[in-house]
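Beneath this line is the structure, given in structure tokens, with notes to follow.
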Amino acid sequence: MIDIRHLHFRYPEAATDALVDVNLKVDAGQFALLAGQSGSGKSTLLRCMNGLIPHFHGGFFSGKVIVDGRNTIQTAPRDLASSVGTVFQDPEAQLVTDTAEDEMAFSLANLGHSRSAIPGRIATVCAGLGIEHLRTRRISSLSGGERQLVALAAALAPGPDGLLLDEPTSQLDPSNAATIIEALKRQNRQRGVYVVLAEHRLERLLENSDTLYVASDGHISGCESREARLALVRQGLIPSEHDRLALFESPAAGDEIATLAGVSFSYGRHQVLRDIDMVVREGETIALLGPNGSGKTTLLKHLIGLLRPDTGVMVIDEIDQVNKPVQRIARTVGYVPQQATLMLHQETVAKELLFTLDSLGRDGSIREEIERVGLGGFEDRHPLDLSGGERQRLAVAAVTVAGPRLLLLDEPTRGLPWSMKRDLARMLRAKAGQGCAVIVATHDEDFARAFASRRIVLSDGSIVEDEPCAAVNQPEVRKNRDDTPLLTGSNLD
Amino acid sequence: MMASNRAIDPAAWLLWFLAAGAIPLTSRQPLYLALILLAVVFVHLAFPHREGHGRSWRLFAYIGSSVAVLSIGFNVLTVHSGDRPFAELPGGLPIIGGQLTYNALVYGVASALAISSLLFAAATFNTAVRHADLIRRLPRPFQRLGVAGAIALNFVPQTMQAGRDIYDTQRTRGRTMRGVRDARAFVVPLLGNGLERAFQMSEAMETRGYGSRRPGERDGQLRRLQMPVAVALIILALPLVATGRLLPALVIVMTALMLLGGVRPALPWRWRIDGWSRPTIGVAIPSCMSLAVVAWRTATGHSIAYSPFPRLVWPDFDLVIGLAICLLLAPAIVAPGVDDD
């Protein structure tokens with residue numbers, strides 16, 4: 001179905017090849033996993049498979065990519081759309097219309113299906129994915145997971161032989177991610193659709209895949225399943241047993257930095273936070289867990305002052321902050337939002353840190369902070385020239401450079417491979433060692449284990465668990481909790 | 001009968017909007033205008049509103065009332081003719097000096113009613129009809145333009161959200177956004193984010209076959225001529241615009257756009273074959289009747305025109321036209337119900 005021979009590709013103005021002598025074959029009914037660090041060539045390879053390279057992205061291309069018997073050099077990606085469907089990372093950026101069924105119809109209409117045939121195709125795809133209930137829903141009313149299911153349905157609507165997916169679950173919580181992967185598995189097994197899936201959260205996908213391809217500096221190597229896990233651990237792509245068992249003991253918690261008492265908040269009629277009581281102390285590293293919509297981001301936005309509680313008290317650094325301006329709270333509290341790259345706007349990495357210091361009227365060691373996040377030598381680089389993981393670390397440095405006493409991070413590990421998550425965990429632990437309290441909203445249990453001394457679980461706006469991680473990491477507790485799928489549901493079958 | 005906003009086809013809403021706008025666009029008869037305004041507000045109140053549309057209605061209401069007050073004030077202060085003076089400003093005052101008349105006041109109120117009726121009718125139409133549904137109704141030559149419109153409509157809320165996030169993020173870094181110096185911290189990430197999303201969207205559309213060639217599709221001789229002819233027409237329209245002849249210019253530009261839209265064959269974008277539902281018929285027929293009755297009565301000597309100058313007289317009220325205006329209540333009667341979001 002896909003046959004790649006001696007493929008080399010280099011982006012314009014790049015010094016090195018993004019893909020080097022790639023040879024691989026994907027057969028009908030195959031489920032192939034594509035793993036690798038950020039910037040290792042996974043997305044580039046997928047774009048070669050659907051023809052976006054070389055037609056959409058310029059560059060130096062040599063070798064052959066044959067998809068469904070057609071050479072991608074001679075076939076535009078739009079003309080390959082009936083053979084191979086593509087699903088991208090961000091559901092927002094790939095949906096064109098305003099309802100789920102129109103989204104599927106869009107693909108079919110583009111490919112010349114007749115008006116009378118379209119409703120039947122939509123019904124078949126919805127039934128296959130089990131999303132009949134979403135069919136007439138407005139896109140704006142769907143959750144992230146549901147939107148990604150619609151994007152998957154739109155890719156499947158024309159009945160392609162294969163699917164290419166570029167980190168389709170990276171923006172989703174574990175349960176939504178599990179739904180997507182389950183849908184993929186069903187399509188693969190029942191319809192024989194071949195799947196090439198690039199992912200970072202690999203642990204429970206391994207057993208469901210036939211082949212694992214590991215990308216490293218543009219080289220793609222195939223792994224037999226027996227060796228697969230070992231290869232991934234070696235490259236730092238999944239946590240080793242050592243990482244999993246690591247039990248982080250935080251420094252002894254110090255004085256109180258933040259106290260929330262009876263904090264409640266509603267967006268219109270929808271109550272998002274209910275009577276939150278919480279004390280945060282110096283040196284604590286807190287993982288804020290819970291499904292999408294449980295109130296994690298809303299709670300962080302309260303702590304930085306972007307939202308004001310309807311009721312309750314919020315004391316930070318011994319001052320009631322409820323009516324204080326954000327800029328004032330920012331002198332004590334640092335906040336790295338979910339889309340951290342939205343904050344980057346300066347011409348160089350160093351100037352980005354200087355901007356924060358200048359805004360807060362603080363002094364700080366820019367060079368030292370840049371070194372601390374592993375961006376040493378990048379001081380004069382443009383922030384937008386950095387990879388996704390590097391931009392994330394820069395955003396963290398741009399906040400921590402001012403030395404906040406309470407550091408808040410919202411989903412900082414989205415789209416990062418395990419090795420980068422581990423580095424971030426180390427950095428946050430180092431901050432805690434200096435007396436800073438850290439709160440991270442995350443879906444990633446492995447990351448939470450790696451950095452947190454305390455876990456708080458939110459559900460429907462209320463705190464349902466608040467305990468030290470040491471308690472959770474007791475062997476008998478972990479055994480029970482590990483049965484819950486983190487990403488893809490190893491127990492879905 | 002219970003139905004949702006969406007049960008009424010956008011085409012029927014368009015007819016309703018035309019019917020509601022006909023008299024305000026052509027007349028200053030205050031009684032008819034007041035009746036239309038009441039009908040429009042009643043229709044609006046009869047419908048549950050989608051999230052965010054309350055804000056849009058409030059904005060229209062704010063603009064409507066502001067324009068109404070301005071219109072009344074402007075007419076009273078600047079129009080000094082009429083047979084019913086009620087006060088006088090010193091003649092030495094520029095523009096506003098002279099006698100103030102009830103005639104001008106009535107004209108100002110009538111103008112305010114006309115403008116408010118139009119604005120509230122537009123607000124109700126905007127609330128009731130989804131832009132995407134309207135775009136889907138575009139004629140075949142405009143369908144590709146419609147796709148671009150649909151994408152733009154999706155981008156607007158995303159861009160606004162990104163703007164809010166960027167603004168908040170820079171505040172959390174201690175920055176107060178004050179002037180041009182701080183604009184960079186807002187504009188650069190907003191543009192970068194917009195470009196990135198546009199790029200991702202075009203990749204997604206490409207891989208979903210947008211612009212692909214249909215089996216057996218060829219560029220015929222006629223189709224090859226469409227593009228140059230369209231460009232020539234647009235060039236032809238430019239001098240007409242420059243000399244103020246807007247209507248013929250508009251016709252030419254529309255023709256050019258239709259030709260451009262027809263360069264590539266139309267998509268089966270309107271794949272969903274919606275029949276005319278009972279609520280749709282229940283709105284479309286009364287709207288057409290309202291328009292037809294007003295036209296018929298006007299043609300048979302029952303003028304809808306009114307002027308309070310030079311003598312202020314009580315306006316004539318034709319009961320049949322009044323009843324025709326009441327037909328505008330049709331959406332509120334046939335389809336009040338829950339929204340489908």
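FYI, nothing fancy with the structure tokens labels: chains A, B, ... in order, residues from 1 per chain, ligands from 1 as they appear.
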Residues of segment 89-289 of chain B in alpha helix (DSSP H), written as a PyMOL selection string: chain B and resi 102-128+131-136+143-172+180-207+221-242+246-261+278-289
Within 6 Å of chain A: residues of chain B, using only C-alpha atoms, as a PyMOL selection string: chain B and resi 151+166+171-175+185+188-189+197+200-201+204+206-210+212+214+267-268+271
Å distance separating atom CA of Arg186 of chain A from atom CA of Pro291 of chain A, one decimal place: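 Interatomic distance here is 24.2 Å.
Take the candidates A:Asp210, A:Asp17, A:Glu445, A:Glu167 and check each one against Asn188 of chain A using only C-alpha atoms; the shortest distance goes to A:Asp210.
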Shell around Leu327 of chain B at 8 Å using only C-alpha atoms, local window under 3 positions removed, as a PDB file with N, CA and C atoms, in the first residue's frame:
ATOM      1  N   PRO B 286     -46.455  33.812   4.885  1.00  0.00           N
ATOM      2  CA  PRO B 286     -46.882  35.120   5.436  1.00  0.00           C
ATOM      3  C   PRO B 286     -45.936  36.259   5.054  1.00  0.00           C
ATOM      4  N   SER B 287     -44.623  35.966   4.980  1.00  0.00           N
ATOM      5  CA  SER B 287     -43.674  37.029   4.610  1.00  0.00           C
ATOM      6  C   SER B 287     -43.936  37.501   3.195  1.00  0.00           C
ATOM      7  N   MET B 289     -46.721  37.169   1.592  1.00  0.00           N
ATOM      8  CA  MET B 289     -48.029  37.839   1.571  1.00  0.00           C
ATOM      9  C   MET B 289     -47.901  39.273   2.069  1.00  0.00           C
ATOM     10  N   SER B 290     -47.105  39.441   3.130  1.00  0.00           N
ATOM     11  CA  SER B 290     -46.925  40.779   3.691  1.00  0.00           C
ATOM     12  C   SER B 290     -46.357  41.727   2.635  1.00  0.00           C
ATOM     13  N   LEU B 323     -52.608  44.906   8.929  1.00  0.00           N
ATOM     14  CA  LEU B 323     -52.711  43.444   9.083  1.00  0.00           C
ATOM     15  C   LEU B 323     -51.550  42.734   8.385  1.00  0.00           C
ATOM     16  N   ALA B 324     -51.163  43.311   7.229  1.00  0.00           N
ATOM     17  CA  ALA B 324     -50.021  42.720   6.502  1.00  0.00           C
ATOM     18  C   ALA B 324     -48.759  42.790   7.357  1.00  0.00           C
ATOM     19  N   ALA B 330     -45.303  35.902  12.134  1.00  0.00           N
ATOM     20  CA  ALA B 330     -45.380  34.472  11.807  1.00  0.00           C
ATOM     21  C   ALA B 330     -44.290  33.612  12.483  1.00  0.00           C
TER      22      ALA B 330
END
DSSP strand (DSSP E or B) residues within segment 82-213 of chain B, listed as a list of chain:residue names: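 Of segment 82-213 of chain B, the ones in strand (DSSP E or B) are B:Pro85, B:Phe86, B:Ala87, B:Glu88, B:Leu89, B:Gly98, B:Gln99, B:Leu100, B:Thr101.
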Two-atom distance - atom CA of Phe86 of chain B, atom CA of Gln99 of chain B (Å):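 Those two atoms sit 7.6 Å apart.
Put simply, atom CA of Ile370 of chain A is 7.5 Å away from atom CA of Leu394 of chain A.
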Selection near segment 305-310 of chain B, 9 Å with only C-alpha atoms, sequence-local residues under 4 positions removed, as JSON, numbers by chain: {"B": [26, 27, 28, 29, 30, 81, 82, 83, 102, 103, 104, 106, 107, 314, 315, 316]}
Residues as selected, C-alpha atoms, written as a PDB file, in the first residue's frame, can you do that?
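So the final result, stored in again-v8.pdb, reads:
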ATOM      1  CA  THR B  26     -39.156  53.282   1.804  1.00  0.00           C
ATOM      2  CA  SER B  27     -41.358  55.173   4.242  1.00  0.00           C
ATOM      3  CA  ARG B  28     -41.400  57.414   7.309  1.00  0.00           C
ATOM      4  CA  GLN B  29     -44.975  56.573   8.310  1.00  0.00           C
ATOM      5  CA  PRO B  30     -44.601  56.359  12.091  1.00  0.00           C
ATOM      6  CA  SER B  81     -39.395  74.286   9.098  1.00  0.00           C
ATOM      7  CA  GLY B  82     -42.992  73.285   9.822  1.00  0.00           C
ATOM      8  CA  ASP B  83     -46.212  74.829  11.017  1.00  0.00           C
ATOM      9  CA  TYR B 102     -43.109  69.442  16.319  1.00  0.00           C
ATOM     10  CA  ASN B 103     -42.915  68.627  12.601  1.00  0.00           C
ATOM     11  CA  ALA B 104     -39.165  68.026  12.904  1.00  0.00           C
ATOM     12  CA  VAL B 106     -42.191  63.746  14.420  1.00  0.00           C
ATOM     13  CA  TYR B 107     -39.872  63.287  11.451  1.00  0.00           C
ATOM     14  CA  TRP B 314     -52.146  62.701  11.619  1.00  0.00           C
ATOM     15  CA  PRO B 315     -50.884  59.895   9.312  1.00  0.00           C
ATOM     16  CA  ASP B 316     -53.394  57.759   7.430  1.00  0.00           C
TER      17      ASP B 316
END
Surrounding residues of Phe125 of chain B excluding itself and chain neighbours under 6 positions, 8 Å, only C-alpha atoms, as a ChimeraX atom specification: /B:13-14,17
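When the distance limit is 7 Å and only C-alpha atoms are what count, the residues near Gly295 of chain A, minus those fewer than 6 positions from it on the same chain, are A:Val272, A:Leu273, A:Leu458, A:Asp460, A:Gly461.
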Export of the given selection (all heavy atoms) as an mmCIF file, in the first residue's frame:
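Output file again-v6.cif is given in full below:
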data_model
loop_
_atom_site.group_PDB
_atom_site.id
_atom_site.type_symbol
_atom_site.label_atom_id
_atom_site.label_comp_id
_atom_site.auth_asym_id
_atom_site.auth_seq_id
_atom_site.Cartn_x
_atom_site.Cartn_y
_atom_site.Cartn_z
ATOM 1 N N VAL A 272 -18.026 25.751 37.787
ATOM 2 C CA VAL A 272 -16.773 25.093 37.407
ATOM 3 C C VAL A 272 -15.939 24.742 38.634
ATOM 4 O O VAL A 272 -15.245 23.726 38.646
ATOM 5 C CB VAL A 272 -15.951 26.000 36.457
ATOM 6 C CG1 VAL A 272 -14.777 25.249 35.878
ATOM 7 C CG2 VAL A 272 -16.827 26.528 35.349
ATOM 8 N N LEU A 273 -15.972 25.581 39.645
ATOM 9 C CA LEU A 273 -15.267 25.265 40.891
ATOM 10 C C LEU A 273 -16.286 25.277 42.035
ATOM 11 O O LEU A 273 -17.126 26.166 42.112
ATOM 12 C CB LEU A 273 -14.172 26.294 41.177
ATOM 13 C CG LEU A 273 -12.980 26.330 40.227
ATOM 14 C CD1 LEU A 273 -11.999 27.405 40.672
ATOM 15 C CD2 LEU A 273 -12.277 24.985 40.133
ATOM 16 N N LEU A 458 -9.196 16.673 40.758
ATOM 17 C CA LEU A 458 -10.450 17.426 40.647
ATOM 18 C C LEU A 458 -11.457 16.612 39.845
ATOM 19 O O LEU A 458 -11.091 15.924 38.886
ATOM 20 C CB LEU A 458 -10.223 18.748 39.915
ATOM 21 C CG LEU A 458 -9.544 19.891 40.664
ATOM 22 C CD1 LEU A 458 -9.362 21.074 39.720
ATOM 23 C CD2 LEU A 458 -10.359 20.317 41.867
ATOM 24 N N ASP A 460 -15.430 17.438 38.402
ATOM 25 C CA ASP A 460 -16.608 18.306 38.354
ATOM 26 C C ASP A 460 -16.467 19.513 39.284
ATOM 27 O O ASP A 460 -17.401 19.906 39.976
ATOM 28 C CB ASP A 460 -17.845 17.483 38.725
ATOM 29 C CG ASP A 460 -19.127 18.166 38.249
ATOM 30 O OD1 ASP A 460 -19.029 19.025 37.363
ATOM 31 O OD2 ASP A 460 -20.197 17.857 38.797
ATOM 32 N N GLY A 461 -15.280 20.065 39.342
ATOM 33 C CA GLY A 461 -15.056 21.296 40.095
ATOM 34 C C GLY A 461 -14.757 21.115 41.565
ATOM 35 O O GLY A 461 -14.533 22.100 42.272
#
Exercise: Ala19 of chain B partners within 8 Å, only C-alpha atoms, chain neighbours under 2 positions left out, as a PyMOL selection string: chain B and resi 15-17+21-23+287-288+290-291+328
